[in-house]
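Everything below belongs to data16.txt, which stores compact mmCIF, C-alpha atoms.
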```txt
# COMPACT_ATOMS: atom_id res chain seq x y z
CA MET K 5 32.52 1.29 -19.10
CA VAL K 6 33.49 4.97 -18.90
CA ALA K 7 33.25 5.37 -22.68
CA TYR K 8 29.82 3.71 -22.63
CA PHE K 9 28.68 6.06 -19.85
CA LEU K 10 29.92 9.18 -21.65
CA ARG K 11 28.35 8.13 -24.94
CA ARG K 12 24.97 7.55 -23.33
CA PHE K 13 25.22 10.84 -21.45
CA LEU K 14 25.91 12.72 -24.70
CA TYR K 15 22.90 11.05 -26.31
CA MET K 16 20.76 12.16 -23.36
CA ILE K 17 21.80 15.83 -23.59
CA THR K 18 21.32 15.94 -27.38
CA THR K 19 17.88 14.35 -27.12
CA MET K 20 16.79 16.85 -24.46
CA ILE K 21 17.77 19.78 -26.68
CA PHE K 22 15.76 18.46 -29.60
CA ILE K 23 12.79 17.66 -27.37
CA SER K 24 12.70 21.18 -25.94
CA PHE K 25 12.97 22.69 -29.42
CA ILE K 26 10.26 20.57 -31.04
CA GLY K 27 7.98 20.57 -27.99
CA PHE K 28 7.90 24.36 -27.71
CA PHE K 29 6.91 24.76 -31.33
CA ILE K 30 4.24 22.05 -31.12
CA ILE K 31 2.66 23.73 -28.11
CA ASN K 32 2.42 26.95 -30.09
CA LEU K 33 0.87 25.31 -33.18
CA PRO K 34 -2.80 25.85 -32.15
CA PRO K 35 -4.14 29.16 -33.45
CA GLY K 36 -4.26 32.06 -31.05
CA SER K 37 -2.34 32.66 -27.85
CA PHE K 38 -3.01 33.02 -24.17
CA ILE K 39 -3.49 36.75 -24.64
CA GLU K 40 -6.39 36.13 -27.02
CA VAL K 41 -7.87 33.45 -24.74
CA TYR K 42 -7.50 35.80 -21.77
CA GLN K 43 -9.17 38.64 -23.65
CA ALA K 44 -12.07 36.41 -24.75
CA GLN K 45 -12.61 35.22 -21.17
CA ARG K 46 -12.71 38.79 -19.90
CA GLU K 47 -15.23 39.73 -22.61
CA ASN K 48 -17.43 36.74 -21.74
CA MET K 49 -17.44 37.96 -18.14
CA GLY K 50 -18.50 41.41 -19.32
CA THR K 51 -15.11 42.99 -18.61
CA ARG K 52 -12.99 44.58 -21.30
CA THR K 53 -9.23 44.42 -21.17
CA ALA K 54 -7.33 47.61 -21.87
CA GLU K 55 -5.09 47.58 -24.92
CA ALA K 56 -2.25 48.95 -22.82
CA GLU K 57 -2.46 45.92 -20.51
CA LEU K 58 -2.40 43.51 -23.45
CA GLU K 59 0.56 45.27 -25.03
CA ALA K 60 2.43 45.19 -21.72
CA LEU K 61 1.87 41.42 -21.46
CA LYS K 62 3.08 40.92 -25.04
CA ARG K 63 6.27 42.88 -24.46
CA ARG K 64 6.95 41.23 -21.10
CA TYR K 65 6.72 37.71 -22.48
CA ALA K 66 8.12 38.53 -25.96
CA LEU K 67 4.82 37.54 -27.59
CA ASP K 68 5.32 40.29 -30.15
CA GLN K 69 8.57 38.65 -31.28
CA PRO K 70 9.07 35.72 -33.69
CA LEU K 71 8.62 32.23 -32.29
CA TYR K 72 12.32 31.41 -32.26
CA VAL K 73 12.96 34.49 -30.10
CA GLN K 74 10.28 33.32 -27.66
CA TYR K 75 11.90 29.88 -27.58
CA TRP K 76 15.35 31.27 -26.88
CA LYS K 77 14.01 33.49 -24.10
CA TRP K 78 12.33 30.48 -22.53
CA ALA K 79 15.06 27.86 -23.10
CA SER K 80 17.92 30.09 -21.95
CA GLY K 81 16.10 30.60 -18.65
CA PHE K 82 16.31 26.87 -17.90
CA VAL K 83 20.03 27.19 -17.29
CA ARG K 84 19.34 29.78 -14.59
CA GLY K 85 16.38 27.89 -13.14
CA ASP K 86 13.95 30.46 -14.60
CA PHE K 87 11.11 28.65 -16.37
CA GLY K 88 9.09 31.75 -17.10
CA ARG K 89 5.86 33.00 -15.60
CA SER K 90 2.47 31.37 -15.83
CA PHE K 91 -0.09 33.60 -17.57
CA GLN K 92 -3.02 31.74 -16.07
CA TYR K 93 -1.91 31.85 -12.42
CA ASN K 94 0.29 34.96 -12.66
CA ARG K 95 2.98 33.13 -10.71
CA GLU K 96 6.43 31.80 -11.41
CA VAL K 97 6.29 28.43 -13.15
CA LYS K 98 8.95 26.95 -10.86
CA ASP K 99 6.83 27.75 -7.79
CA LEU K 100 3.74 26.09 -9.29
CA ILE K 101 5.68 22.99 -10.28
CA TRP K 102 7.72 22.51 -7.11
CA GLU K 103 4.70 22.70 -4.81
CA ARG K 104 3.10 19.80 -6.69
CA LEU K 105 6.14 17.85 -7.84
CA GLY K 106 6.84 16.50 -4.36
CA PHE K 107 3.44 14.81 -4.08
CA THR K 108 3.79 13.52 -7.64
CA ALA K 109 7.20 12.03 -6.85
CA ILE K 110 5.85 10.35 -3.69
CA ILE K 111 2.98 8.73 -5.58
CA ALA K 112 5.26 7.69 -8.46
CA THR K 113 7.82 6.15 -6.09
CA PHE K 114 5.21 4.19 -4.15
CA THR K 115 3.62 3.08 -7.44
CA LEU K 116 6.92 1.83 -8.88
CA PHE K 117 7.66 -0.07 -5.67
CA PHE K 118 4.15 -1.56 -5.64
CA THR K 119 4.34 -2.55 -9.32
CA TRP K 120 7.67 -4.34 -9.14
CA MET K 121 7.15 -5.97 -5.75
CA VAL K 122 3.85 -7.47 -6.91
CA ALA K 123 4.44 -8.15 -10.61
CA ILE K 124 7.84 -9.88 -10.49
CA PRO K 125 6.99 -12.61 -7.92
CA ILE K 126 3.63 -13.31 -9.57
CA GLY K 127 5.26 -13.46 -13.01
CA ILE K 128 7.88 -15.93 -11.73
CA TYR K 129 5.23 -18.08 -10.06
CA ALA K 130 3.04 -18.08 -13.18
CA ALA K 131 5.96 -19.11 -15.41
CA THR K 132 7.10 -21.92 -13.10
CA HIS K 133 3.53 -23.21 -12.70
CA GLN K 134 2.41 -22.88 -16.31
CA TYR K 135 -1.26 -23.69 -17.01
CA LYS K 136 -1.95 -24.57 -13.39
CA ILE K 137 -4.61 -22.91 -11.24
CA GLY K 138 -2.26 -20.18 -9.98
CA ASP K 139 -1.15 -19.33 -13.52
CA ASN K 140 -4.74 -19.17 -14.78
CA VAL K 141 -5.82 -16.94 -11.90
CA ALA K 142 -2.86 -14.63 -12.48
CA THR K 143 -3.73 -14.47 -16.19
CA VAL K 144 -7.36 -13.54 -15.50
CA VAL K 145 -6.37 -10.91 -12.93
CA GLY K 146 -3.74 -9.51 -15.30
CA MET K 147 -6.17 -9.19 -18.18
CA ALA K 148 -8.71 -7.53 -15.90
CA GLY K 149 -6.08 -5.06 -14.70
CA LEU K 150 -5.21 -4.14 -18.28
CA SER K 151 -8.86 -3.82 -19.30
CA ILE K 152 -10.43 -1.81 -16.48
CA PRO K 153 -10.00 1.97 -16.99
CA ASP K 154 -8.11 3.70 -14.19
CA PHE K 155 -10.79 6.30 -13.55
CA MET K 156 -13.49 3.62 -13.19
CA LEU K 157 -11.37 1.67 -10.72
CA ALA K 158 -10.76 4.90 -8.78
CA LEU K 159 -14.49 5.60 -8.56
CA VAL K 160 -15.22 2.03 -7.41
CA LEU K 161 -12.57 2.20 -4.69
CA MET K 162 -13.89 5.57 -3.50
CA VAL K 163 -17.39 4.12 -3.12
CA ILE K 164 -16.09 0.99 -1.35
CA ALA K 165 -13.92 3.03 1.03
CA GLN K 166 -16.82 5.33 1.87
CA ARG K 167 -19.54 2.71 2.35
CA VAL K 168 -17.54 -0.21 3.74
CA PHE K 169 -14.78 1.44 5.75
CA GLY K 170 -16.55 4.73 6.44
CA PHE K 171 -13.89 7.20 5.37
CA SER K 172 -13.26 9.38 2.34
CA VAL K 173 -10.22 8.73 0.14
CA GLY K 174 -10.46 11.78 -2.11
CA GLY K 175 -7.29 13.87 -2.09
CA LEU K 176 -4.14 13.07 -0.14
CA PHE K 177 -5.18 14.51 3.22
CA SER K 178 -8.21 14.85 5.44
CA ARG K 179 -9.69 18.35 5.75
CA GLU K 180 -8.01 19.12 9.05
CA TYR K 181 -4.55 18.30 7.63
CA ILE K 182 -4.70 20.05 4.24
CA ASP K 183 -3.21 23.35 5.43
CA ALA K 184 -1.60 22.00 8.61
CA PRO K 185 2.20 21.90 8.95
CA TRP K 186 3.96 18.57 8.50
CA SER K 187 3.85 16.24 11.46
CA ILE K 188 3.72 12.53 12.22
CA ALA K 189 -0.09 12.69 12.33
CA LYS K 190 -0.23 14.38 8.91
CA PHE K 191 2.16 11.80 7.44
CA ILE K 192 0.03 8.94 8.80
CA ASP K 193 -3.06 10.61 7.37
CA MET K 194 -1.37 10.79 3.96
CA LEU K 195 -0.58 7.07 4.12
CA LYS K 196 -4.27 6.39 4.75
CA HIS K 197 -5.14 8.16 1.49
CA ILE K 198 -2.20 7.38 -0.78
CA TRP K 199 -2.93 3.67 -1.18
CA VAL K 200 -5.87 4.38 -3.51
CA PRO K 201 -3.94 6.31 -6.23
CA VAL K 202 -0.99 3.93 -5.87
CA PHE K 203 -3.22 0.90 -6.34
CA VAL K 204 -5.20 2.46 -9.20
CA VAL K 205 -2.22 3.79 -11.16
CA GLY K 206 -0.13 0.69 -10.51
CA THR K 207 -2.79 -1.84 -11.51
CA ALA K 208 -2.29 -1.59 -15.28
CA GLY K 209 1.49 -1.46 -14.93
CA THR K 210 1.50 -4.46 -12.60
CA ALA K 211 -0.65 -6.51 -14.96
CA GLY K 212 1.50 -5.71 -17.99
CA LEU K 213 4.78 -6.26 -16.17
CA MET K 214 3.56 -9.57 -14.82
CA ARG K 215 2.70 -10.84 -18.30
CA ILE K 216 6.07 -9.71 -19.69
CA MET K 217 7.96 -11.39 -16.85
CA ARG K 218 6.03 -14.60 -17.35
CA GLY K 219 6.70 -14.70 -21.11
CA ASN K 220 10.40 -13.88 -20.78
CA LEU K 221 10.96 -16.48 -18.08
CA LEU K 222 9.13 -19.18 -20.05
CA ASP K 223 11.43 -18.58 -23.03
CA ILE K 224 14.58 -18.67 -20.90
CA LEU K 225 13.59 -21.78 -18.95
CA ASN K 226 13.65 -23.75 -22.22
CA MET K 227 17.13 -22.57 -23.25
CA GLN K 228 20.07 -24.95 -23.33
CA TYR K 229 22.18 -23.27 -20.65
CA VAL K 230 19.30 -23.64 -18.17
CA GLN K 231 18.97 -27.31 -19.07
CA ALA K 232 22.74 -27.68 -18.62
CA ALA K 233 22.52 -26.10 -15.15
CA ARG K 234 19.87 -28.63 -14.20
CA ALA K 235 22.01 -31.46 -15.60
CA ARG K 236 24.87 -30.40 -13.31
CA GLY K 237 22.63 -31.21 -10.35
CA LEU K 238 21.77 -27.65 -9.27
CA SER K 239 18.54 -27.30 -7.34
CA GLU K 240 15.54 -25.96 -9.23
CA PRO K 241 15.18 -22.75 -7.11
CA LEU K 242 18.87 -21.95 -7.70
CA VAL K 243 18.52 -22.54 -11.45
CA ILE K 244 15.48 -20.28 -11.63
CA VAL K 245 16.80 -17.43 -9.48
CA LYS K 246 20.47 -17.37 -10.47
CA HIS K 247 20.34 -18.35 -14.13
CA ALA K 248 16.84 -17.74 -15.49
CA VAL K 249 15.36 -14.79 -13.60
CA ARG K 250 18.47 -12.65 -13.95
CA ASN K 251 18.34 -12.80 -17.75
CA ALA K 252 14.55 -12.50 -17.84
CA LEU K 253 14.82 -9.13 -16.07
CA HIS K 254 16.78 -7.48 -18.92
CA PRO K 255 13.74 -6.30 -20.94
CA LEU K 256 12.03 -5.19 -17.72
CA ILE K 257 14.99 -3.00 -16.80
CA MET K 258 14.63 -1.22 -20.13
CA LEU K 259 10.92 -0.72 -19.45
CA LEU K 260 11.80 0.76 -16.06
CA GLY K 261 13.23 3.83 -17.77
CA MET K 262 9.90 4.54 -19.46
CA SER K 263 7.69 3.80 -16.47
CA LEU K 264 8.14 7.02 -14.47
CA PRO K 265 6.81 9.53 -17.04
CA SER K 266 4.01 7.13 -17.98
CA ILE K 267 2.97 6.96 -14.32
CA ILE K 268 2.94 10.75 -14.01
CA SER K 269 1.19 11.46 -17.29
CA GLY K 270 -1.02 8.36 -17.09
CA SER K 271 -2.38 9.36 -13.69
CA LEU K 272 -3.93 12.55 -15.07
CA VAL K 273 -7.53 11.30 -15.09
CA VAL K 274 -7.04 9.53 -11.76
CA SER K 275 -5.67 12.73 -10.23
CA ILE K 276 -8.69 14.70 -11.45
CA VAL K 277 -11.15 12.06 -10.19
CA LEU K 278 -9.47 11.76 -6.79
CA GLY K 279 -8.67 15.46 -6.45
CA LEU K 280 -4.92 14.90 -6.01
CA PRO K 281 -2.56 17.91 -5.76
CA THR K 282 -0.22 16.51 -8.42
CA THR K 283 1.27 17.87 -11.63
CA GLY K 284 -1.15 16.09 -13.98
CA PRO K 285 -4.21 18.35 -13.56
CA LEU K 286 -1.99 21.44 -13.64
CA TYR K 287 -0.43 20.30 -16.93
CA PHE K 288 -3.88 19.60 -18.40
CA SER K 289 -5.10 23.06 -17.41
CA ALA K 290 -2.00 24.69 -18.93
CA LEU K 291 -2.64 22.95 -22.26
CA ARG K 292 -6.28 23.99 -22.30
CA GLN K 293 -5.49 27.61 -21.52
CA GLN K 294 -2.47 27.69 -23.89
CA ASP K 295 -0.28 28.78 -20.99
CA MET K 296 2.85 28.13 -23.03
CA PHE K 297 5.54 28.64 -20.39
CA LEU K 298 3.82 26.33 -17.92
CA ALA K 299 2.86 23.74 -20.54
CA GLY K 300 6.29 23.82 -22.19
CA THR K 301 8.07 23.37 -18.86
CA PHE K 302 5.88 20.38 -18.03
CA LEU K 303 6.60 18.87 -21.43
CA VAL K 304 10.35 19.21 -20.91
CA PHE K 305 10.07 17.78 -17.37
CA LEU K 306 8.18 14.71 -18.58
CA ALA K 307 10.54 14.22 -21.51
CA GLY K 308 13.49 14.71 -19.17
CA MET K 309 12.17 12.00 -16.86
CA LEU K 310 11.87 9.65 -19.83
CA VAL K 311 15.37 10.41 -21.12
CA VAL K 312 17.01 10.28 -17.69
CA GLY K 313 15.08 7.10 -16.90
CA ASN K 314 16.36 5.46 -20.09
CA PHE K 315 19.89 6.64 -19.27
CA LEU K 316 19.74 5.08 -15.81
CA ALA K 317 18.21 1.92 -17.28
CA ASP K 318 21.10 1.66 -19.75
CA ILE K 319 23.64 2.00 -16.94
CA LEU K 320 21.80 -0.53 -14.78
CA LEU K 321 21.55 -2.94 -17.70
CA ALA K 322 25.30 -2.60 -18.31
CA LEU K 323 25.93 -3.47 -14.67
CA VAL K 324 23.63 -6.50 -14.82
CA ASP K 325 24.85 -7.74 -18.21
CA PRO K 326 28.59 -7.16 -18.82
CA ARG K 327 28.11 -7.79 -22.55
CA ILE K 328 26.23 -4.48 -22.92
CA ARG K 329 29.10 -2.24 -21.81
CA TYR K 330 31.36 -3.53 -24.60
CA GLU K 331 28.95 -2.83 -27.45
```
Mind turning the file's structure into C-alpha cells?
Amino acid sequence: MVAYFLRRFLYMITTMIFISFIGFFIINLPPGSFIEVYQAQRENMGTRTAEAELEALKRRYALDQPLYVQYWKWASGFVRGDFGRSFQYNREVKDLIWERLGFTAIIATFTLFFTWMVAIPIGIYAATHQYKIGDNVATVVGMAGLSIPDFMLALVLMVIAQRVFGFSVGGLFSREYIDAPWSIAKFIDMLKHIWVPVFVVGTAGTAGLMRIMRGNLLDILNMQYVQAARARGLSEPLVIVKHAVRNALHPLIMLLGMSLPSIISGSLVVSIVLGLPTTGPLYFSALRQQDMFLAGTFLVFLAGMLVVGNFLADILLALVDPRIRYE
C-alpha cells in the first residue's frame, strides 16, 4: 500500500510539472502581449502611454526576456507562494485568487454533495426497478438535465424566484450583506442564494452520474457472484447494498477525481449570468486580456485540482477494492 501511494504521488508531481510547463507556453501562443493590449486600450481612450512606462513594465515582468526565462521566473515563485502580479488589476495574483477561491470552494463542495446524494439513490432505484414508471421518469429527467444548458436553467430559476417567491437570487448575498462582516445573518442570507448555482451546476452532473450508476448496477446484478449470494438465502436489500452497489461505485470513484475542476470551470457561464464572485469570471477575463500571470496561475490551479482529485480517487479506490493496491 505504501509503494502504491508513493508511486501515485510521484506521478502526480511529474504531471504537475509538465502541465505548468505546457500551459504557460500555450497561454503565450496568441500574438501580442498584455503590454500591447494595454497600450491599444489607452490609445482607444485617447490617452497615450509613455514609452518609459512600457519599458518599466517589460523589465519588471521580464517581458523583454525569452519565454523560458519568463516561465522560470513565474514557476519558481510558486515554491515561495508568489504567483506574480496581475497586469489587468495591478494586484498580486494570490490576493485576487484567495478572495474568490473560498466562495468557489463552498459552491463546489455543496454541488458535489448535492450531486452524489441525489444521483446515487436514484441510480440504484432505477436499476432495481428497470423499465418501471420510476425508472422511466428518472430517465426522462436525466436526459433533460443533460440537454438543458446551464445558463438557460439559471435564467429560468432567476425569473421563477423573482416572480413566484419575490426575491432576487443573483449573486451570493443581498445588497445589505455584500460588504458586511461575517455573521449568522450573513451566512443565512448566503444559504438563501447558494441553492440556485448549486442546483444549476449540479443538474448535468447529477443526470450523468445517475445514468452511469444505473448502467453499472444493472451489469453487476446479472453477474454470477450476485446470483450466488441470492442462492445462499441473503435478503435482496443486503445483496444489492453489500455485494452489488459496492462494486458499481468503482467507476464513479474514478469520476470523482475529475468532477471538482469540471464544476469550477463548467460554472463559468453560470457565474457570469448569476453574478457570482467566483474564480470562473476572473479566469475568463484574464484569458481575454492576456494577463499571463493570472491566467497561468488559474490554469495550474485547475490542473492541480484535477491531478490531486485523481490521486485521492486512486487512494480511495485502493481502500475500497484491495485488488487495486497490489497492481
- Task: Extract, using only C-alpha atoms, all DNA, RNA and protein residues at most 10 Å from Val200 (chain K), discarding same-chain residues fewer than 5 positions from it, and format them as an MDAnalysis selection string.
- Result: chainID K and resid 157:158 161:162 165 173:176 195 205:206 274 278
- Counting all atoms listed in the file, the option among K:Thr132, K:Thr207, K:Ser24, K:Gln294 closest to Ile152 (chain K):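 Residue with the minimum atom-to-atom distance to Ile152 (chain K): K:Thr207.
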- Task: Could you give me, as a list in words, the residues within 8 Å of Leu213 (chain K), counting all atoms listed in the file and dropping anything in the same chain fewer than 5 positions from it?
- Result: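 That gives Thr119, Trp120, Ala123, Ile124, Gly127 and Leu256 of chain K.
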Output C-alpha atoms for every residue in that selection, as a PDB file, in the coordinates of the input.
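Output below, filename again-v5.pdb:
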```pdb
ATOM      1  CA  THR K 119       4.340  -2.550  -9.320  1.00  0.00           C
ATOM      2  CA  TRP K 120       7.670  -4.340  -9.140  1.00  0.00           C
ATOM      3  CA  ALA K 123       4.440  -8.150 -10.610  1.00  0.00           C
ATOM      4  CA  ILE K 124       7.840  -9.880 -10.490  1.00  0.00           C
ATOM      5  CA  GLY K 127       5.260 -13.460 -13.010  1.00  0.00           C
ATOM      6  CA  LEU K 256      12.030  -5.190 -17.720  1.00  0.00           C
TER       7      LEU K 256
END
```
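Shortest atom-to-atom contact with Glu96 (chain K) among K:Leu298, K:Met20, K:Ile192, K:Ala66: K:Leu298, counting only C-alpha atoms.
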- Atom pair CA of Ala112 (chain K) + CA of Phe315 (chain K), distance 18.2 Å
- Item | Exercise: Thr143 (chain K) partners within 8 Å, all atoms listed in the file, chain neighbours under 4 positions left out, as a list in words |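 The filter keeps Asp139, Met147 and Arg215 of chain K.
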Let's have the selection written as a short mmCIF file (atom, residue, chain, number, x, y, z; two decimals), keeping the file's coordinate frame, with C-alpha atoms.
```cif
data_model
loop_
_atom_site.label_atom_id
_atom_site.label_comp_id
_atom_site.auth_asym_id
_atom_site.auth_seq_id
_atom_site.Cartn_x
_atom_site.Cartn_y
_atom_site.Cartn_z
CA ASP K 139 -1.15 -19.33 -13.52
CA MET K 147 -6.17 -9.19 -18.18
CA ARG K 215 2.70 -10.84 -18.30
#
```
